[in-house]
file query.pdb (PDB, C-alpha atoms (C1' of nucleotides))
ATOM      1  CA  MET A   1      11.789 -16.660  15.717
ATOM      2  CA  PRO A   2      15.516 -15.796  15.671
ATOM      3  CA  LEU A   3      16.986 -13.642  18.404
ATOM      4  CA  TYR A   4      17.839 -10.708  16.186
ATOM      5  CA  ALA A   5      14.296 -10.544  14.839
ATOM      6  CA  GLN A   6      12.791 -10.621  18.312
ATOM      7  CA  LEU A   7      15.060  -7.840  19.426
ATOM      8  CA  THR A   8      14.343  -5.746  16.356
ATOM      9  CA  ARG A   9      10.628  -6.057  16.923
ATOM     10  CA  ALA A  10      10.932  -5.249  20.582
ATOM     11  CA  ILE A  11      12.858  -2.055  19.930
ATOM     12  CA  ARG A  12      10.571  -0.937  17.115
ATOM     13  CA  PHE A  13       7.599  -1.586  19.325
ATOM     14  CA  ALA A  14       9.113   0.270  22.265
ATOM     15  CA  ILE A  15       9.672   3.314  20.095
ATOM     16  CA  ALA A  16       6.277   3.114  18.446
ATOM     17  CA  THR A  17       4.531   3.016  21.795
ATOM     18  CA  GLY A  18       6.667   5.765  23.301
ATOM     19  CA  ARG A  19       8.397   3.614  25.872
ATOM     20  CA  LEU A  20      11.599   4.773  24.180
ATOM     21  CA  ARG A  21      11.619   8.463  23.336
ATOM     22  CA  VAL A  22      13.503  10.493  20.755
ATOM     23  CA  GLY A  23      17.047  11.217  21.876
ATOM     24  CA  GLU A  24      17.044   8.574  24.539
ATOM     25  CA  GLN A  25      20.102   6.357  24.757
ATOM     26  CA  LEU A  26      19.863   2.618  24.323
ATOM     27  CA  PRO A  27      22.058   0.183  26.236
ATOM     28  CA  THR A  28      25.537  -0.476  24.933
ATOM     29  CA  VAL A  29      25.804  -3.369  22.496
ATOM     30  CA  ARG A  30      27.927  -5.223  25.015
ATOM     31  CA  GLN A  31      25.700  -4.368  27.939
ATOM     32  CA  LEU A  32      22.546  -5.466  26.198
ATOM     33  CA  ALA A  33      24.338  -8.561  24.985
ATOM     34  CA  VAL A  34      25.160  -9.483  28.568
ATOM     35  CA  ASP A  35      21.625  -8.763  29.759
ATOM     36  CA  LEU A  36      20.067 -10.921  27.073
ATOM     37  CA  ARG A  37      22.836 -13.552  27.245
ATOM     38  CA  VAL A  38      23.537 -13.046  23.600
ATOM     39  CA  ASN A  39      26.573 -12.263  21.483
ATOM     40  CA  ALA A  40      27.422  -8.592  21.105
ATOM     41  CA  ASN A  41      27.440  -8.985  17.359
ATOM     42  CA  THR A  42      23.804  -9.951  17.343
ATOM     43  CA  VAL A  43      22.874  -6.742  19.124
ATOM     44  CA  ALA A  44      25.177  -4.741  16.884
ATOM     45  CA  LYS A  45      23.478  -6.072  13.769
ATOM     46  CA  VAL A  46      20.093  -5.105  15.100
ATOM     47  CA  TYR A  47      21.303  -1.599  15.890
ATOM     48  CA  ALA A  48      22.886  -1.313  12.462
ATOM     49  CA  GLU A  49      19.745  -2.442  10.704
ATOM     50  CA  LEU A  50      17.600  -0.032  12.675
ATOM     51  CA  GLU A  51      20.035   2.731  11.847
ATOM     52  CA  ARG A  52      19.711   1.929   8.154
ATOM     53  CA  SER A  53      15.968   2.203   8.651
ATOM     54  CA  GLY A  54      16.586   5.635  10.091
ATOM     55  CA  ILE A  55      15.074   5.110  13.509
ATOM     56  CA  LEU A  56      18.360   4.896  15.430
ATOM     57  CA  GLU A  57      21.548   6.915  15.432
ATOM     58  CA  THR A  58      24.869   5.589  16.622
ATOM     59  CA  ARG A  59      28.024   7.455  17.551
ATOM     60  CA  ARG A  60      31.207   5.535  18.152
ATOM     61  CA  GLY A  61      32.612   5.804  21.589
ATOM     62  CA  VAL A  62      29.361   7.302  22.815
ATOM     63  CA  GLY A  63      26.423   5.031  22.227
ATOM     64  CA  THR A  64      23.230   4.481  20.291
ATOM     65  CA  PHE A  65      20.215   6.783  20.454
ATOM     66  CA  VAL A  66      16.684   7.030  19.174
ATOM     67  CA  SER A  67      16.730   9.246  16.100
ATOM     68  CA  ALA A  68      14.261  12.001  15.358
ATOM     69  CA  HIS A  69      14.248  11.111  11.687
ATOM     70  CA  HIS A  70      11.253   8.841  11.958
ATOM     71  CA  LEU A  71       9.060  11.873  12.554
ATOM     72  CA  THR A  72       9.876  13.566   9.237
ATOM     73  CA  PRO A  73       7.310  13.489   6.420
ATOM     74  CA  GLY A  74       9.648  11.522   4.177
ATOM     75  CA  HIS A  75       9.918   8.771   6.697
ATOM     76  CA  ARG A  76       6.201   8.763   7.246
ATOM     77  CA  ASP A  77       5.710   8.075   3.551
ATOM     78  CA  GLU A  78       8.253   5.303   3.650
ATOM     79  CA  HIS A  79       6.534   3.859   6.644
ATOM     80  CA  GLU A  80       3.183   3.881   4.901
ATOM     81  CA  LYS A  81       4.760   2.123   1.948
ATOM     82  CA  HIS A  82       5.887  -0.642   4.279
ATOM     83  CA  LEU A  83       2.344  -0.969   5.519
ATOM     84  CA  LYS A  84       1.105  -1.402   1.986
ATOM     85  CA  GLU A  85       3.677  -4.084   1.326
ATOM     86  CA  LEU A  86       2.683  -5.869   4.474
ATOM     87  CA  VAL A  87      -0.950  -5.774   3.467
ATOM     88  CA  ASP A  88      -0.003  -7.033   0.027
ATOM     89  CA  ARG A  89       1.660 -10.110   1.428
ATOM     90  CA  PHE A  90      -1.235 -10.583   3.794
ATOM     91  CA  VAL A  91      -3.910 -10.430   1.122
ATOM     92  CA  GLU A  92      -1.941 -12.701  -1.144
ATOM     93  CA  GLU A  93      -1.471 -15.319   1.515
ATOM     94  CA  ALA A  94      -5.104 -15.184   2.495
ATOM     95  CA  SER A  95      -6.280 -15.567  -1.066
ATOM     96  CA  ALA A  96      -4.042 -18.611  -1.430
ATOM     97  CA  MET A  97      -6.043 -20.020   1.478
ATOM     98  CA  GLY A  98      -9.254 -19.211  -0.299
ATOM     99  CA  PHE A  99     -10.213 -16.103   1.662
ATOM    100  CA  SER A 100     -11.369 -12.860   0.147
ATOM    101  CA  VAL A 101     -10.515  -9.337   1.212
ATOM    102  CA  ASP A 102     -13.985  -9.116   2.705
ATOM    103  CA  ASP A 103     -13.291 -12.113   4.898
ATOM    104  CA  LEU A 104     -10.219 -10.357   6.210
ATOM    105  CA  LEU A 105     -12.167  -7.177   6.812
ATOM    106  CA  ASP A 106     -14.836  -9.019   8.780
ATOM    107  CA  GLN A 107     -12.267 -10.722  10.927
ATOM    108  CA  LEU A 108     -10.384  -7.506  11.563
ATOM    109  CA  GLN A 109     -13.491  -5.555  12.401
ATOM    110  CA  SER A 110     -14.641  -8.075  14.969
ATOM    111  CA  ARG A 111     -11.156  -7.801  16.448
ATOM    112  CA  ARG A 112     -11.420  -4.036  16.610
ATOM    113  CA  LYS A 113     -14.646  -4.309  18.553
ATOM    114  CA  LYS A 114     -12.969  -6.506  21.127
ATOM    115  CA  GLU A 115     -10.183  -3.980  21.526
ATOM    116  CA  THR A 116     -12.442  -0.990  22.004
ATOM    117  CA  LYS A 117     -14.421  -2.990  24.496
ATOM    118  CA  ASN A 118     -11.334  -3.181  26.689
ATOM    119  CA  VAL A 119     -10.505   0.514  26.391
TER     120      VAL A 119
ATOM    121  CA  MET B   1       9.893 -18.859  -1.831
ATOM    122  CA  PRO B   2      10.741 -22.577  -1.915
ATOM    123  CA  LEU B   3       9.296 -24.777  -4.628
ATOM    124  CA  TYR B   4       7.142 -26.865  -2.360
ATOM    125  CA  ALA B   5       5.506 -23.775  -0.876
ATOM    126  CA  GLN B   6       4.771 -22.317  -4.283
ATOM    127  CA  LEU B   7       3.201 -25.558  -5.380
ATOM    128  CA  THR B   8       1.147 -25.878  -2.217
ATOM    129  CA  ARG B   9      -0.216 -22.388  -2.663
ATOM    130  CA  ALA B  10      -0.959 -22.947  -6.311
ATOM    131  CA  ILE B  11      -2.982 -26.078  -5.622
ATOM    132  CA  ARG B  12      -4.847 -24.553  -2.688
ATOM    133  CA  PHE B  13      -5.655 -21.554  -4.823
ATOM    134  CA  ALA B  14      -6.795 -23.684  -7.757
ATOM    135  CA  ILE B  15      -9.202 -25.544  -5.504
ATOM    136  CA  ALA B  16     -10.429 -22.434  -3.746
ATOM    137  CA  THR B  17     -11.252 -20.749  -7.032
ATOM    138  CA  GLY B  18     -12.865 -23.849  -8.522
ATOM    139  CA  ARG B  19     -10.298 -24.442 -11.216
ATOM    140  CA  LEU B  20      -9.860 -27.853  -9.584
ATOM    141  CA  ARG B  21     -13.139 -29.496  -8.626
ATOM    142  CA  VAL B  22     -14.033 -32.090  -6.032
ATOM    143  CA  GLY B  23     -13.202 -35.580  -7.238
ATOM    144  CA  GLU B  24     -10.933 -34.410  -9.992
ATOM    145  CA  GLN B  25      -7.631 -36.194 -10.373
ATOM    146  CA  LEU B  26      -4.343 -34.367 -10.061
ATOM    147  CA  PRO B  27      -1.286 -35.253 -12.120
ATOM    148  CA  THR B  28       0.873 -38.124 -10.981
ATOM    149  CA  VAL B  29       3.699 -37.139  -8.640
ATOM    150  CA  ARG B  30       6.181 -38.193 -11.289
ATOM    151  CA  GLN B  31       4.310 -36.538 -14.109
ATOM    152  CA  LEU B  32       4.008 -33.235 -12.298
ATOM    153  CA  ALA B  33       7.635 -33.512 -11.255
ATOM    154  CA  VAL B  34       8.650 -33.815 -14.888
ATOM    155  CA  ASP B  35       6.419 -30.937 -15.944
ATOM    156  CA  LEU B  36       7.820 -28.646 -13.290
ATOM    157  CA  ARG B  37      11.379 -30.002 -13.644
ATOM    158  CA  VAL B  38      11.384 -30.891  -9.996
ATOM    159  CA  ASN B  39      12.087 -33.983  -7.955
ATOM    160  CA  ALA B  40       9.167 -36.357  -7.473
ATOM    161  CA  ASN B  41       9.677 -36.232  -3.743
ATOM    162  CA  THR B  42       8.968 -32.547  -3.664
ATOM    163  CA  VAL B  43       5.611 -33.075  -5.291
ATOM    164  CA  ALA B  44       4.912 -36.042  -3.056
ATOM    165  CA  LYS B  45       5.502 -33.984   0.064
ATOM    166  CA  VAL B  46       3.114 -31.345  -1.138
ATOM    167  CA  TYR B  47       0.452 -33.934  -1.849
ATOM    168  CA  ALA B  48       1.028 -35.528   1.541
ATOM    169  CA  GLU B  49       0.775 -32.240   3.367
ATOM    170  CA  LEU B  50      -2.403 -31.324   1.546
ATOM    171  CA  GLU B  51      -3.809 -34.731   2.390
ATOM    172  CA  ARG B  52      -3.062 -34.142   6.055
ATOM    173  CA  SER B  53      -4.948 -30.885   5.689
ATOM    174  CA  GLY B  54      -7.864 -32.897   4.363
ATOM    175  CA  ILE B  55      -8.170 -31.277   0.974
ATOM    176  CA  LEU B  56      -6.651 -34.119  -1.047
ATOM    177  CA  GLU B  57      -7.084 -37.870  -1.077
ATOM    178  CA  THR B  58      -4.528 -40.277  -2.427
ATOM    179  CA  ARG B  59      -4.875 -43.911  -3.395
ATOM    180  CA  ARG B  60      -1.784 -45.912  -4.157
ATOM    181  CA  GLY B  61      -1.577 -47.270  -7.654
ATOM    182  CA  VAL B  62      -4.384 -44.970  -8.697
ATOM    183  CA  GLY B  63      -3.577 -41.336  -8.083
ATOM    184  CA  THR B  64      -4.395 -38.251  -6.078
ATOM    185  CA  PHE B  65      -7.767 -36.545  -6.056
ATOM    186  CA  VAL B  66      -9.465 -33.490  -4.666
ATOM    187  CA  SER B  67     -11.295 -34.516  -1.524
ATOM    188  CA  ALA B  68     -14.822 -33.519  -0.612
ATOM    189  CA  HIS B  69     -13.867 -33.176   3.019
ATOM    190  CA  HIS B  70     -13.133 -29.503   2.778
ATOM    191  CA  LEU B  71     -16.831 -28.835   2.356
ATOM    192  CA  THR B  72     -17.866 -30.350   5.680
ATOM    193  CA  PRO B  73     -18.793 -28.030   8.579
ATOM    194  CA  GLY B  74     -15.901 -29.306  10.678
ATOM    195  CA  HIS B  75     -13.425 -28.338   8.056
ATOM    196  CA  ARG B  76     -15.057 -24.965   7.619
ATOM    197  CA  ASP B  77     -14.473 -24.288  11.300
ATOM    198  CA  GLU B  78     -10.887 -25.385  11.040
ATOM    199  CA  HIS B  79     -10.442 -23.162   8.052
ATOM    200  CA  GLU B  80     -11.835 -20.193   9.917
ATOM    201  CA  LYS B  81      -9.446 -20.913  12.752
ATOM    202  CA  HIS B  82      -6.572 -20.691  10.309
ATOM    203  CA  LEU B  83      -7.855 -17.334   9.178
ATOM    204  CA  LYS B  84      -7.875 -16.107  12.745
ATOM    205  CA  GLU B  85      -4.304 -17.276  13.250
ATOM    206  CA  LEU B  86      -3.247 -15.530  10.081
ATOM    207  CA  VAL B  87      -4.886 -12.317  11.230
ATOM    208  CA  ASP B  88      -3.210 -12.695  14.599
ATOM    209  CA  ARG B  89       0.231 -12.832  13.069
ATOM    210  CA  PHE B  90      -0.680  -9.966  10.805
ATOM    211  CA  VAL B  91      -1.881  -7.690  13.573
ATOM    212  CA  GLU B  92       1.092  -8.544  15.727
ATOM    213  CA  GLU B  93       3.567  -7.756  12.987
ATOM    214  CA  ALA B  94       1.826  -4.521  12.145
ATOM    215  CA  SER B  95       1.802  -3.386  15.753
ATOM    216  CA  ALA B  96       5.530  -4.093  15.954
ATOM    217  CA  MET B  97       5.806  -1.614  13.092
ATOM    218  CA  GLY B  98       3.739   0.870  15.015
ATOM    219  CA  PHE B  99       0.463   0.444  13.151
ATOM    220  CA  SER B 100      -2.911   0.041  14.769
ATOM    221  CA  VAL B 101      -5.748  -2.226  13.743
ATOM    222  CA  ASP B 102      -7.503   0.831  12.389
ATOM    223  CA  ASP B 103      -4.577   1.570  10.115
ATOM    224  CA  LEU B 104      -4.875  -1.929   8.730
ATOM    225  CA  LEU B 105      -8.597  -1.552   8.253
ATOM    226  CA  ASP B 106      -8.177   1.697   6.351
ATOM    227  CA  GLN B 107      -5.594   0.164   4.078
ATOM    228  CA  LEU B 108      -7.698  -2.921   3.432
ATOM    229  CA  GLN B 109     -10.837  -0.944   2.744
ATOM    230  CA  SER B 110      -9.152   1.237   0.176
ATOM    231  CA  ARG B 111      -7.950  -1.963  -1.402
ATOM    232  CA  ARG B 112     -11.457  -3.374  -1.481
ATOM    233  CA  LYS B 113     -12.681  -0.329  -3.327
ATOM    234  CA  LYS B 114     -10.094  -0.828  -6.022
ATOM    235  CA  GLU B 115     -11.186  -4.423  -6.432
ATOM    236  CA  THR B 116     -14.867  -3.693  -6.724
ATOM    237  CA  LYS B 117     -14.052  -0.981  -9.209
ATOM    238  CA  ASN B 118     -12.667  -3.626 -11.531
ATOM    239  CA  VAL B 119     -15.628  -5.968 -11.118
TER     240      VAL B 119
ATOM    241  C1'  DC C   1      49.162  11.214  24.754
ATOM    242  C1'  DT C   2      46.986   7.273  27.024
ATOM    243  C1'  DA C   3      43.525   4.511  28.824
ATOM    244  C1'  DC C   4      38.953   3.365  28.198
ATOM    245  C1'  DT C   5      34.523   2.874  26.058
ATOM    246  C1'  DT C   6      32.015   2.595  22.139
ATOM    247  C1'  DG C   7      30.636   0.330  17.672
ATOM    248  C1'  DT C   8      32.493  -2.708  13.599
ATOM    249  C1'  DA C   9      34.707  -6.228  10.448
ATOM    250  C1'  DC C  10      36.051 -10.687   9.670
ATOM    251  C1'  DT C  11      35.939 -15.534  10.334
ATOM    252  C1'  DA C  12      34.129 -19.850  11.455
ATOM    253  C1'  DC C  13      31.048 -23.106  13.441
ATOM    254  C1'  DT C  14      26.498 -25.222  13.798
ATOM    255  C1'  DG C  15      21.998 -26.359  12.862
ATOM    256  C1'  DT C  16      18.258 -26.388   9.742
ATOM    257  C1'  DC C  17      15.795 -26.311   5.370
ATOM    258  C1'  DG C  18      15.062 -27.571   0.692
ATOM    259  C1'  DT C  19      15.908 -30.656  -2.831
ATOM    260  C1'  DA C  20      17.446 -34.664  -5.252
ATOM    261  C1'  DG C  21      18.638 -39.711  -5.769
ATOM    262  C1'  DT C  22      17.611 -44.282  -5.024
ATOM    263  C1'  DA C  23      15.243 -48.073  -3.494
ATOM    264  C1'  DC C  24      10.852 -49.824  -1.578
ATOM    265  C1'  DA C  25       5.717 -50.902  -0.936
ATOM    266  C1'  DA C  26       1.008 -50.949  -2.288
ATOM    267  C1'  DT C  27      -2.381 -51.271  -5.786
ATOM    268  C1'  DC C  28      -4.307 -52.013 -10.258
ATOM    269  C1'  DC C  29      -5.086 -54.533 -14.633
ATOM    270  C1'  DG C  30      -4.338 -57.875 -18.116
TER     271       DG C  30
ATOM    272  C1'  DC D   1       0.467 -64.501 -11.120
ATOM    273  C1'  DG D   2       3.306 -60.633 -13.167
ATOM    274  C1'  DG D   3       4.247 -56.387 -15.126
ATOM    275  C1'  DA D   4       3.192 -51.629 -14.819
ATOM    276  C1'  DT D   5       1.847 -47.629 -12.300
ATOM    277  C1'  DT D   6       1.092 -45.299  -8.265
ATOM    278  C1'  DG D   7       2.635 -43.158  -3.838
ATOM    279  C1'  DT D   8       6.366 -43.571   0.088
ATOM    280  C1'  DA D   9      10.700 -44.083   3.101
ATOM    281  C1'  DC D  10      15.339 -43.318   3.664
ATOM    282  C1'  DT D  11      19.544 -41.082   2.831
ATOM    283  C1'  DA D  12      22.600 -37.540   1.614
ATOM    284  C1'  DC D  13      24.148 -33.378  -0.112
ATOM    285  C1'  DG D  14      24.290 -28.298  -0.846
ATOM    286  C1'  DA D  15      23.076 -23.846   0.642
ATOM    287  C1'  DC D  16      21.882 -20.637   3.748
ATOM    288  C1'  DA D  17      20.778 -18.367   8.189
ATOM    289  C1'  DG D  18      21.930 -17.438  12.780
ATOM    290  C1'  DT D  19      25.103 -16.974  16.223
ATOM    291  C1'  DA D  20      29.465 -16.651  18.575
ATOM    292  C1'  DG D  21      34.605 -15.551  19.018
ATOM    293  C1'  DT D  22      38.209 -12.634  18.276
ATOM    294  C1'  DA D  23      40.536  -8.803  16.792
ATOM    295  C1'  DC D  24      40.149  -4.060  15.037
ATOM    296  C1'  DA D  25      38.842   1.032  14.493
ATOM    297  C1'  DA D  26      36.883   5.289  15.975
ATOM    298  C1'  DG D  27      35.833   8.329  19.273
ATOM    299  C1'  DT D  28      35.835  10.271  24.326
ATOM    300  C1'  DA D  29      37.735  11.748  28.640
ATOM    301  C1'  DG D  30      41.253  12.383  31.915
TER     302       DG D  30
END

call {"tool": "encode", "arguments": {"input": "query.pdb", "output": "structure tokens"}}
result
Amino acid sequence: MPLYAQLTRAIRFAIATGRLRVGEQLPTVRQLAVDLRVNANTVAKVYAELERSGILETRRGVGTFVSAHHLTPGHRDEHEKHLKELVDRFVEEASAMGFSVDDLLDQLQSRRKKETKNV
Amino acid sequence: MPLYAQLTRAIRFAIATGRLRVGEQLPTVRQLAVDLRVNANTVAKVYAELERSGILETRRGVGTFVSAHHLTPGHRDEHEKHLKELVDRFVEEASAMGFSVDDLLDQLQSRRKKETKNV
DNA sequence: CTACTTGTACTACTGTCGTAGTACAATCCG
DNA sequence: CGGATTGTACTACGACAGTAGTACAAGTAG
């Protein structure tokens, strides 16, 4: 998986799980680039993409911050739409492998049991 | 989606749904290449990959056929393993988007209802 | 205003993927 | 055997994705 995708996921995940909170500042593009031994442009593209998605806000000369926009109802809807699309792809791929929606449900449910066991 | 992937999916799907039956012969690599306006090598690679997966059998000078191997218990297990891997990727991606397994289950179940409504 | 920090635009290189072209090898069938 | 049909190996080319380098623009702070 390419660097930019890994980073995007990591940031999204950090926000989703609350490890990064609304208003909090992220590292500078250059700083993060140094930390990860990556080009600054790579980080910048990730920040830009996440800003387009509305979950980051960036101010020149200041820095990049976690936006509050992803808590609005409009964004929630958008987010749910993404989930549906993801499920679409998932179901399609599974059916190409000869699996039904029920097969997926079974597999997911057994996974849920394992999770709750650990909680 | 690249040609070879589309073709692979189409064949897998045809077999899974019974439109292609065990023992049945598939078109010649060249013939199918002509039909799809594609290079013969592209078709050949698909056939080869599907043979490695054990769902096709090819005999030089004769043709390519649907194998019976995918009905054996061993292959069933393998198949189930693939399902698990697919679900793994799915869950991982969803969690990176901030969705839980329960969210996925809800979405899938509502989808199942729609399906059964049409049956 | 000036120095500094921030993000951004542009360019170019590199590796990889997908596809096609051509020539080869194995098998069948008369 | 010999021609025809099948799949296969090898090569090469085009396109694209990913990343890095460098130079620029916008904003802040003293």

call {"tool": "residues_around", "arguments": {"input": "query.pdb", "residues": "DT22 (chain C)", "least_positions_apart": "3", "cutoff": "12 Å", "atoms": "all atoms listed in the file", "output": "short mmCIF file (atom, residue, chain, number, x, y, z; two decimals) with C-alpha atoms (C1' of nucleotides), keeping the file's coordinate frame"}}
result
data_model
loop_
_atom_site.label_atom_id
_atom_site.label_comp_id
_atom_site.auth_asym_id
_atom_site.auth_seq_id
_atom_site.Cartn_x
_atom_site.Cartn_y
_atom_site.Cartn_z
CA ALA B 40 9.17 -36.36 -7.47
CA ASN B 41 9.68 -36.23 -3.74
"C1'" DA D 9 10.70 -44.08 3.10
"C1'" DC D 10 15.34 -43.32 3.66
"C1'" DT D 11 19.54 -41.08 2.83
"C1'" DA D 12 22.60 -37.54 1.61
#

call {"tool": "closest_residue", "arguments": {"input": "query.pdb", "among": "A:Lys117, A:Arg76, A:Arg21, A:Arg111", "to": "chain B", "atoms": "all atoms listed in the file"}}
result
A:Arg111

call {"tool": "calpha_fit_and_write", "arguments": {"input": "query.pdb", "fixed": "chain A", "moving": "chain B", "output": "CSV table (one decimal) with C-alpha atoms, in the frame of the given file"}}
result
chain,number,residue,atom,x,y,z
B,1,MET,CA,11.8,-16.6,15.8
B,2,PRO,CA,15.5,-15.8,15.8
B,3,LEU,CA,17.0,-13.6,18.5
B,4,TYR,CA,17.8,-10.7,16.3
B,5,ALA,CA,14.3,-10.5,14.9
B,6,GLN,CA,12.8,-10.6,18.4
B,7,LEU,CA,15.0,-7.8,19.5
B,8,THR,CA,14.3,-5.7,16.4
B,9,ARG,CA,10.6,-6.0,17.0
B,10,ALA,CA,10.9,-5.2,20.6
B,11,ILE,CA,12.9,-2.0,20.0
B,12,ARG,CA,10.6,-0.9,17.1
B,13,PHE,CA,7.6,-1.6,19.4
B,14,ALA,CA,9.1,0.3,22.3
B,15,ILE,CA,9.7,3.3,20.1
B,16,ALA,CA,6.3,3.2,18.5
B,17,THR,CA,4.5,3.1,21.8
B,18,GLY,CA,6.7,5.8,23.3
B,19,ARG,CA,8.4,3.7,25.9
B,20,LEU,CA,11.6,4.8,24.2
B,21,ARG,CA,11.7,8.5,23.3
B,22,VAL,CA,13.5,10.5,20.7
B,23,GLY,CA,17.1,11.2,21.8
B,24,GLU,CA,17.1,8.6,24.5
B,25,GLN,CA,20.1,6.4,24.7
B,26,LEU,CA,19.9,2.6,24.3
B,27,PRO,CA,22.1,0.2,26.2
B,28,THR,CA,25.6,-0.5,24.9
B,29,VAL,CA,25.8,-3.4,22.5
B,30,ARG,CA,27.9,-5.2,25.0
B,31,GLN,CA,25.7,-4.3,27.9
B,32,LEU,CA,22.6,-5.4,26.2
B,33,ALA,CA,24.3,-8.6,25.0
B,34,VAL,CA,25.2,-9.5,28.6
B,35,ASP,CA,21.7,-8.7,29.8
B,36,LEU,CA,20.1,-10.9,27.1
B,37,ARG,CA,22.9,-13.5,27.3
B,38,VAL,CA,23.6,-13.0,23.6
B,39,ASN,CA,26.6,-12.3,21.5
B,40,ALA,CA,27.4,-8.6,21.1
B,41,ASN,CA,27.4,-9.0,17.4
B,42,THR,CA,23.8,-9.9,17.4
B,43,VAL,CA,22.9,-6.7,19.1
B,44,ALA,CA,25.2,-4.8,16.9
B,45,LYS,CA,23.4,-6.1,13.8
B,46,VAL,CA,20.1,-5.1,15.1
B,47,TYR,CA,21.3,-1.6,15.9
B,48,ALA,CA,22.9,-1.3,12.5
B,49,GLU,CA,19.7,-2.5,10.7
B,50,LEU,CA,17.6,-0.1,12.7
B,51,GLU,CA,20.0,2.7,11.8
B,52,ARG,CA,19.7,1.9,8.2
B,53,SER,CA,15.9,2.2,8.7
B,54,GLY,CA,16.5,5.6,10.1
B,55,ILE,CA,15.1,5.1,13.5
B,56,LEU,CA,18.4,4.9,15.4
B,57,GLU,CA,21.6,6.9,15.4
B,58,THR,CA,24.9,5.6,16.6
B,59,ARG,CA,28.0,7.5,17.5
B,60,ARG,CA,31.2,5.5,18.1
B,61,GLY,CA,32.6,5.8,21.5
B,62,VAL,CA,29.4,7.3,22.7
B,63,GLY,CA,26.4,5.0,22.2
B,64,THR,CA,23.2,4.5,20.3
B,65,PHE,CA,20.2,6.8,20.4
B,66,VAL,CA,16.7,7.0,19.2
B,67,SER,CA,16.7,9.2,16.1
B,68,ALA,CA,14.3,12.0,15.3
B,69,HIS,CA,14.2,11.1,11.7
B,70,HIS,CA,11.3,8.8,11.9
B,71,LEU,CA,9.1,11.9,12.5
B,72,THR,CA,9.9,13.6,9.2
B,73,PRO,CA,7.3,13.5,6.4
B,74,GLY,CA,9.6,11.5,4.2
B,75,HIS,CA,9.9,8.8,6.7
B,76,ARG,CA,6.2,8.8,7.3
B,77,ASP,CA,5.7,8.0,3.6
B,78,GLU,CA,8.2,5.3,3.7
B,79,HIS,CA,6.5,3.8,6.7
B,80,GLU,CA,3.2,3.9,4.9
B,81,LYS,CA,4.8,2.1,2.0
B,82,HIS,CA,5.9,-0.7,4.3
B,83,LEU,CA,2.3,-1.0,5.6
B,84,LYS,CA,1.1,-1.4,2.0
B,85,GLU,CA,3.7,-4.1,1.3
B,86,LEU,CA,2.7,-5.9,4.5
B,87,VAL,CA,-1.0,-5.8,3.5
B,88,ASP,CA,0.0,-7.0,0.0
B,89,ARG,CA,1.6,-10.1,1.4
B,90,PHE,CA,-1.3,-10.6,3.8
B,91,VAL,CA,-3.9,-10.4,1.1
B,92,GLU,CA,-1.9,-12.7,-1.2
B,93,GLU,CA,-1.5,-15.3,1.5
B,94,ALA,CA,-5.1,-15.2,2.4
B,95,SER,CA,-6.3,-15.5,-1.2
B,96,ALA,CA,-4.0,-18.6,-1.5
B,97,MET,CA,-6.1,-20.0,1.4
B,98,GLY,CA,-9.3,-19.1,-0.4
B,99,PHE,CA,-10.2,-16.1,1.6
B,100,SER,CA,-11.4,-12.8,0.1
B,101,VAL,CA,-10.5,-9.3,1.2
B,102,ASP,CA,-14.0,-9.1,2.7
B,103,ASP,CA,-13.3,-12.1,4.8
B,104,LEU,CA,-10.2,-10.4,6.2
B,105,LEU,CA,-12.2,-7.2,6.8
B,106,ASP,CA,-14.8,-9.0,8.8
B,107,GLN,CA,-12.3,-10.8,10.9
B,108,LEU,CA,-10.4,-7.5,11.6
B,109,GLN,CA,-13.5,-5.6,12.4
B,110,SER,CA,-14.6,-8.1,15.0
B,111,ARG,CA,-11.2,-7.9,16.4
B,112,ARG,CA,-11.4,-4.1,16.6
B,113,LYS,CA,-14.6,-4.4,18.6
B,114,LYS,CA,-13.0,-6.6,21.1
B,115,GLU,CA,-10.2,-4.0,21.5
B,116,THR,CA,-12.4,-1.1,22.0
B,117,LYS,CA,-14.4,-3.0,24.5
B,118,ASN,CA,-11.4,-3.2,26.7
B,119,VAL,CA,-10.5,0.5,26.4

call {"tool": "residues_around", "arguments": {"input": "query.pdb", "residues": "Tyr4 (chain B)", "least_positions_apart": "3", "cutoff": "10 Å", "atoms": "only C-alpha atoms (C1' of nucleotides)", "output": "list of chain:residue names"}}
result
B:Met1, B:Leu7, B:Thr8, B:Arg9, B:Ala10, B:Val38, B:Asn41, B:Thr42, B:Val43, B:Ala44, B:Lys45, B:Val46, B:Tyr47, C:DG18, C:DT19

call {"tool": "residues_around", "arguments": {"input": "query.pdb", "residues": "DA3 (chain C)", "least_positions_apart": "4", "cutoff": "12 Å", "atoms": "all atoms listed in the file", "output": "VMD selection string"}}
result
chain D and resid 28 to 30

call {"tool": "closest_atom_pairs", "arguments": {"input": "query.pdb", "of": "chain D", "to": "chain B", "cutoff": "7 Å", "atoms": "only C-alpha atoms (C1' of nucleotides)", "output": "CSV"}}
result
residue,atom,partner,partner_atom,distance
D:DT5,C1',B:Gly61,CA,5.8
D:DT6,C1',B:Gly61,CA,3.4
D:DG7,C1',B:Arg60,CA,5.2

call {"tool": "write_last_selection", "arguments": {"input": "query.pdb", "atoms": "C-alpha atoms (C1' of nucleotides)", "output": "JSON list (two decimals), in the coordinates of the input"}}
result
[["chain", "number", "residue", "atom", "x", "y", "z"],
["D", 5, "DT", "C1'", 1.85, -47.63, -12.30],
["D", 6, "DT", "C1'", 1.09, -45.30, -8.26],
["D", 7, "DG", "C1'", 2.64, -43.16, -3.84]]

call {"tool": "closest_residue", "arguments": {"input": "query.pdb", "among": "B:Gln25, B:Thr17, B:Gln31, B:Asn39", "to": "chain C", "atoms": "only C-alpha atoms (C1' of nucleotides)"}}
result
B:Asn39
